[in-house]
Amino acid sequence: MAKDARQKLIFFASWTGTAVDATASATFEGSSITAVTVTAATFGEQVSNTSGEYIFTYSSTGSTWKLSGSAVTIANYGIVVTGTASNNDTITVNYVASNGGWEALGKDVDDLSKALNPDTENTKNVLGESAFEHKGYQSTVGLDTYYMDPGRIMYEHLLDVAMREAYAESDLLGYFAEAYFTSASGTTMTGYCYVRRAWIVPQSTGGNTAGLSIPFTVNPQGGVEKKAITYDMVTNTATVSTWTD
């Protein structure tokens with residue numbers, strides 16, 4: 001019998017357990033610019049809903065804004081500038097596309113498992129009779145490497161709590177899903193998952209020259225609920241919905 005592919009079983013984490021709307025924020029550098037605003041939905045349409053950092057530079061030659069060297073009309077991107085732009089002024093937009101709210105774990109490691117940590121006990125009485133007691137599991141998932149990428153769903157909040165060394169339930173209690181995929185079409189996989197609450201606890205900050213890393217441990221808690229899941233292999237994000245038998 002053939003072995004199942006490892007990619008059929010994937011772990012996911014989410015801070016909210018629900019879908020996340022697109023967001024966009026803008027900063028600027030310019031002596032005569034006083035304010036810049038950006039509309040996320042409009043900006044997303046222009047960048048094909050691709051998360052990332054976008055830098056617009058003003059050129060006094062032709063009075064144009066340029067993105068990646070090409071002239072653009074910033075109003076088409078939902079950007080409104082208050083003030084007068086000067087040569088080499090810049091606008092930086094950080095855009096995060098809407099998504100299902102769940103991030104696939106394991107992008108930076110080649111081995112990832114859920115440790116069940118069963119609480120068991122074997123006893124033997126004076127009559128020579130043996131007994132086995134199983135008291136349940138205390139499962140954990142440890143991500144030894146998690147490079148910080150502004151395009152990742154877990155990024156911003158994880159970075160914030162790690163640097164503040166926050167430990168309250170409101171800071172660290174999120175959601176964990178263990179998914180098993182039964183079909184694939186193109187870059188989309190579908191299947192089912194079991195969802196539960198989980199403490200998502202950063203372990204350290206720093207890393208090597210490959211990038212800033214914040215390893216963390218997922219500590220699932222409580223009962224599980226079966227859900228349907230759709231996974232986009234390109235963005236490493238998933239959408240969880242109601243399961244129908």
# chains A, B, ... in the order shown; residues from 1 in each chain; ligands from 1
>>> select_by_dssp(residues="region 10-181 of chain A", states="alpha helix (DSSP H)", output="ChimeraX atom specification")
/A:40-46,155-164,169-172
>>> select_by_dssp(residues="region 100-130 of chain A", states="strand (DSSP E)", output="PyMOL selection string")
chain A and resi 102-104+114-115+118-124+130
>>> write_last_selection(atoms="N, CA and C atoms", output="JSON list (two decimals), in the first residue's frame")
[["chain", "number", "residue", "atom", "x", "y", "z"],
["A", 102, "TRP", "N", -6.31, 32.01, 8.25],
["A", 102, "TRP", "CA", -5.49, 30.90, 8.73],
["A", 102, "TRP", "C", -4.20, 30.83, 7.94],
["A", 103, "GLU", "N", -3.09, 30.68, 8.64],
["A", 103, "GLU", "CA", -1.78, 30.54, 7.99],
["A", 103, "GLU", "C", -1.26, 29.11, 8.15],
["A", 104, "ALA", "N", -0.76, 28.54, 7.06],
["A", 104, "ALA", "CA", -0.15, 27.21, 7.11],
["A", 104, "ALA", "C", 1.19, 27.31, 7.83],
["A", 114, "LYS", "N", 2.98, 17.13, 15.42],
["A", 114, "LYS", "CA", 2.26, 17.42, 16.66],
["A", 114, "LYS", "C", 2.62, 16.35, 17.68],
["A", 115, "ALA", "N", 3.26, 16.75, 18.78],
["A", 115, "ALA", "CA", 3.59, 15.81, 19.85],
["A", 115, "ALA", "C", 2.35, 15.61, 20.71],
["A", 118, "PRO", "N", 1.03, 11.84, 25.57],
["A", 118, "PRO", "CA", -0.03, 11.16, 26.33],
["A", 118, "PRO", "C", 0.35, 11.02, 27.81],
["A", 119, "ASP", "N", -0.63, 11.22, 28.66],
["A", 119, "ASP", "CA", -0.45, 11.06, 30.10],
["A", 119, "ASP", "C", -0.95, 9.68, 30.48],
["A", 120, "THR", "N", -0.04, 8.72, 30.57],
["A", 120, "THR", "CA", -0.42, 7.33, 30.84],
["A", 120, "THR", "C", 0.33, 6.80, 32.05],
["A", 121, "GLU", "N", -0.21, 5.71, 32.61],
["A", 121, "GLU", "CA", 0.42, 5.10, 33.77],
["A", 121, "GLU", "C", 0.15, 3.60, 33.78],
["A", 122, "ASN", "N", 1.20, 2.83, 33.98],
["A", 122, "ASN", "CA", 1.09, 1.38, 34.16],
["A", 122, "ASN", "C", 1.31, 1.06, 35.63],
["A", 123, "THR", "N", 0.40, 0.27, 36.21],
["A", 123, "THR", "CA", 0.53, -0.12, 37.62],
["A", 123, "THR", "C", 0.37, -1.63, 37.74],
["A", 124, "LYS", "N", 0.87, -2.16, 38.82],
["A", 124, "LYS", "CA", 0.78, -3.60, 39.07],
["A", 124, "LYS", "C", 0.56, -3.82, 40.56],
["A", 130, "SER", "N", -1.90, -6.39, 36.24],
["A", 130, "SER", "CA", -1.45, -5.12, 35.65],
["A", 130, "SER", "C", -2.64, -4.27, 35.24]]
>>> residues_around(residues="Tyr231 (chain A)", least_positions_apart="3", cutoff="7 Å", atoms="only C-alpha atoms", output="PyMOL selection string")
chain A and resi 188-190+237-239
>>> closest_atom_pairs(of="region 11-53 of chain A", to="region 79-99 of chain A", cutoff="6 Å", atoms="only C-alpha atoms", output="Markdown table")
| residue | atom | partner | partner_atom | distance |
| --- | --- | --- | --- | --- |
| A:Ala19 | CA | A:Asn99 | CA | 5.9 |
| A:Val20 | CA | A:Asn99 | CA | 5.4 |
| A:Asp21 | CA | A:Ser98 | CA | 4.5 |
| A:Ala22 | CA | A:Ser98 | CA | 4.0 |
| A:Thr23 | CA | A:Val96 | CA | 5.3 |
| A:Ala24 | CA | A:Tyr95 | CA | 4.4 |
| A:Ser25 | CA | A:Asn94 | CA | 5.4 |
| A:Ala26 | CA | A:Val93 | CA | 4.4 |
| A:Thr27 | CA | A:Thr92 | CA | 5.3 |
| A:Phe28 | CA | A:Ile91 | CA | 4.4 |
| A:Glu29 | CA | A:Thr90 | CA | 5.3 |
| A:Gly30 | CA | A:Asp89 | CA | 4.8 |
| A:Ser32 | CA | A:Thr84 | CA | 5.3 |
| A:Ile33 | CA | A:Gly83 | CA | 4.4 |
| A:Thr34 | CA | A:Gly83 | CA | 5.5 |
| A:Ala35 | CA | A:Thr82 | CA | 5.0 |
| A:Val36 | CA | A:Val81 | CA | 4.6 |
| A:Thr37 | CA | A:Val80 | CA | 5.3 |
| A:Val38 | CA | A:Ile79 | CA | 4.4 |
| A:Asn49 | CA | A:Ala97 | CA | 5.4 |
| A:Ser51 | CA | A:Val96 | CA | 4.5 |
| A:Gly52 | CA | A:Tyr95 | CA | 5.4 |
| A:Glu53 | CA | A:Asn94 | CA | 4.6 |
>>> closest_atom_pairs(of="region 31-126 of chain A", to="region 205-219 of chain A", cutoff="12 Å", atoms="only C-alpha atoms", output="tab-separated table")
residue	atom	partner	partner_atom	distance
A:Leu105	CA	A:Val218	CA	10.4
A:Gly106	CA	A:Pro215	CA	11.1
A:Asp108	CA	A:Ser213	CA	9.8
A:Val109	CA	A:Pro215	CA	10.9
A:Leu112	CA	A:Thr217	CA	11.6
A:Ser113	CA	A:Val218	CA	11.1
A:Lys114	CA	A:Val218	CA	9.1
A:Ala115	CA	A:Asn219	CA	10.0
A:Leu116	CA	A:Asn219	CA	10.5
A:Asn117	CA	A:Asn219	CA	11.3
>>> atom_distance(atom1="CA of Ala40 (chain A)", atom2="CA of Gly78 (chain A)")
7.4 Å
>>> residues_around(residues="Leu9 (chain A)", least_positions_apart="3", cutoff="6 Å", atoms="only C-alpha atoms", output="VMD selection string")
chain A and resid 6 179 to 180
>>> residues_around(residues="Gly69 (chain A)", least_positions_apart="2", cutoff="9 Å", atoms="only C-alpha atoms", output="number ranges by chain")
A: 56-57, 66-67, 71
>>> residues_around(residues="Val201 (chain A)", least_positions_apart="3", cutoff="12 Å", atoms="only C-alpha atoms", output="PyMOL selection string")
chain A and resi 13+15+140-144+154+157-162+165-169+171-175+198+204-205+214-220
>>> atom_distance(atom1="CA of Met233 (chain A)", atom2="CA of Glu45 (chain A)")
21.1 Å
>>> atom_distance(atom1="CA of Ile153 (chain A)", atom2="CA of Cys193 (chain A)")
18.8 Å
>>> closest_residue(among="A:Ala5, A:Ala131, A:Thr230, A:Tyr146", to="Ser185 (chain A)", atoms="only C-alpha atoms")
A:Thr230
>>> residues_around(residues="Lys227 (chain A)", least_positions_apart="5", cutoff="8 Å", atoms="only C-alpha atoms", output="list in words")
Tyr192, Cys193, Tyr194, Val195, Val240, Ser241, Thr242 and Trp243 of chain A
>>> write_last_selection(atoms="N, CA and C atoms", output="mmCIF file, in the first residue's frame")
data_model
loop_
_atom_site.group_PDB
_atom_site.id
_atom_site.type_symbol
_atom_site.label_atom_id
_atom_site.label_comp_id
_atom_site.auth_asym_id
_atom_site.auth_seq_id
_atom_site.Cartn_x
_atom_site.Cartn_y
_atom_site.Cartn_z
ATOM 1 N N TYR A 192 -10.780 18.366 5.252
ATOM 2 C CA TYR A 192 -11.424 18.689 6.535
ATOM 3 C C TYR A 192 -10.340 18.950 7.575
ATOM 4 N N CYS A 193 -10.745 19.572 8.673
ATOM 5 C CA CYS A 193 -9.790 19.855 9.743
ATOM 6 C C CYS A 193 -10.502 19.813 11.086
ATOM 7 N N TYR A 194 -9.713 19.693 12.125
ATOM 8 C CA TYR A 194 -10.224 19.763 13.487
ATOM 9 C C TYR A 194 -9.667 21.026 14.133
ATOM 10 N N VAL A 195 -10.565 21.870 14.595
ATOM 11 C CA VAL A 195 -10.200 23.194 15.115
ATOM 12 C C VAL A 195 -10.413 23.241 16.624
ATOM 13 N N VAL A 240 -11.568 28.351 6.463
ATOM 14 C CA VAL A 240 -12.254 27.303 7.215
ATOM 15 C C VAL A 240 -13.738 27.614 7.228
ATOM 16 N N SER A 241 -14.565 26.607 6.958
ATOM 17 C CA SER A 241 -16.015 26.818 6.892
ATOM 18 C C SER A 241 -16.730 25.636 7.552
ATOM 19 N N THR A 242 -18.056 25.702 7.578
ATOM 20 C CA THR A 242 -18.865 24.671 8.224
ATOM 21 C C THR A 242 -18.720 23.339 7.486
ATOM 22 N N TRP A 243 -18.558 22.282 8.251
ATOM 23 C CA TRP A 243 -18.443 20.941 7.686
ATOM 24 C C TRP A 243 -19.823 20.314 7.533
#
>>> closest_residue(among="A:Val234, A:Ala75, A:Val126, A:Ala41", to="Thr187 (chain A)", atoms="only C-alpha atoms")
A:Val234
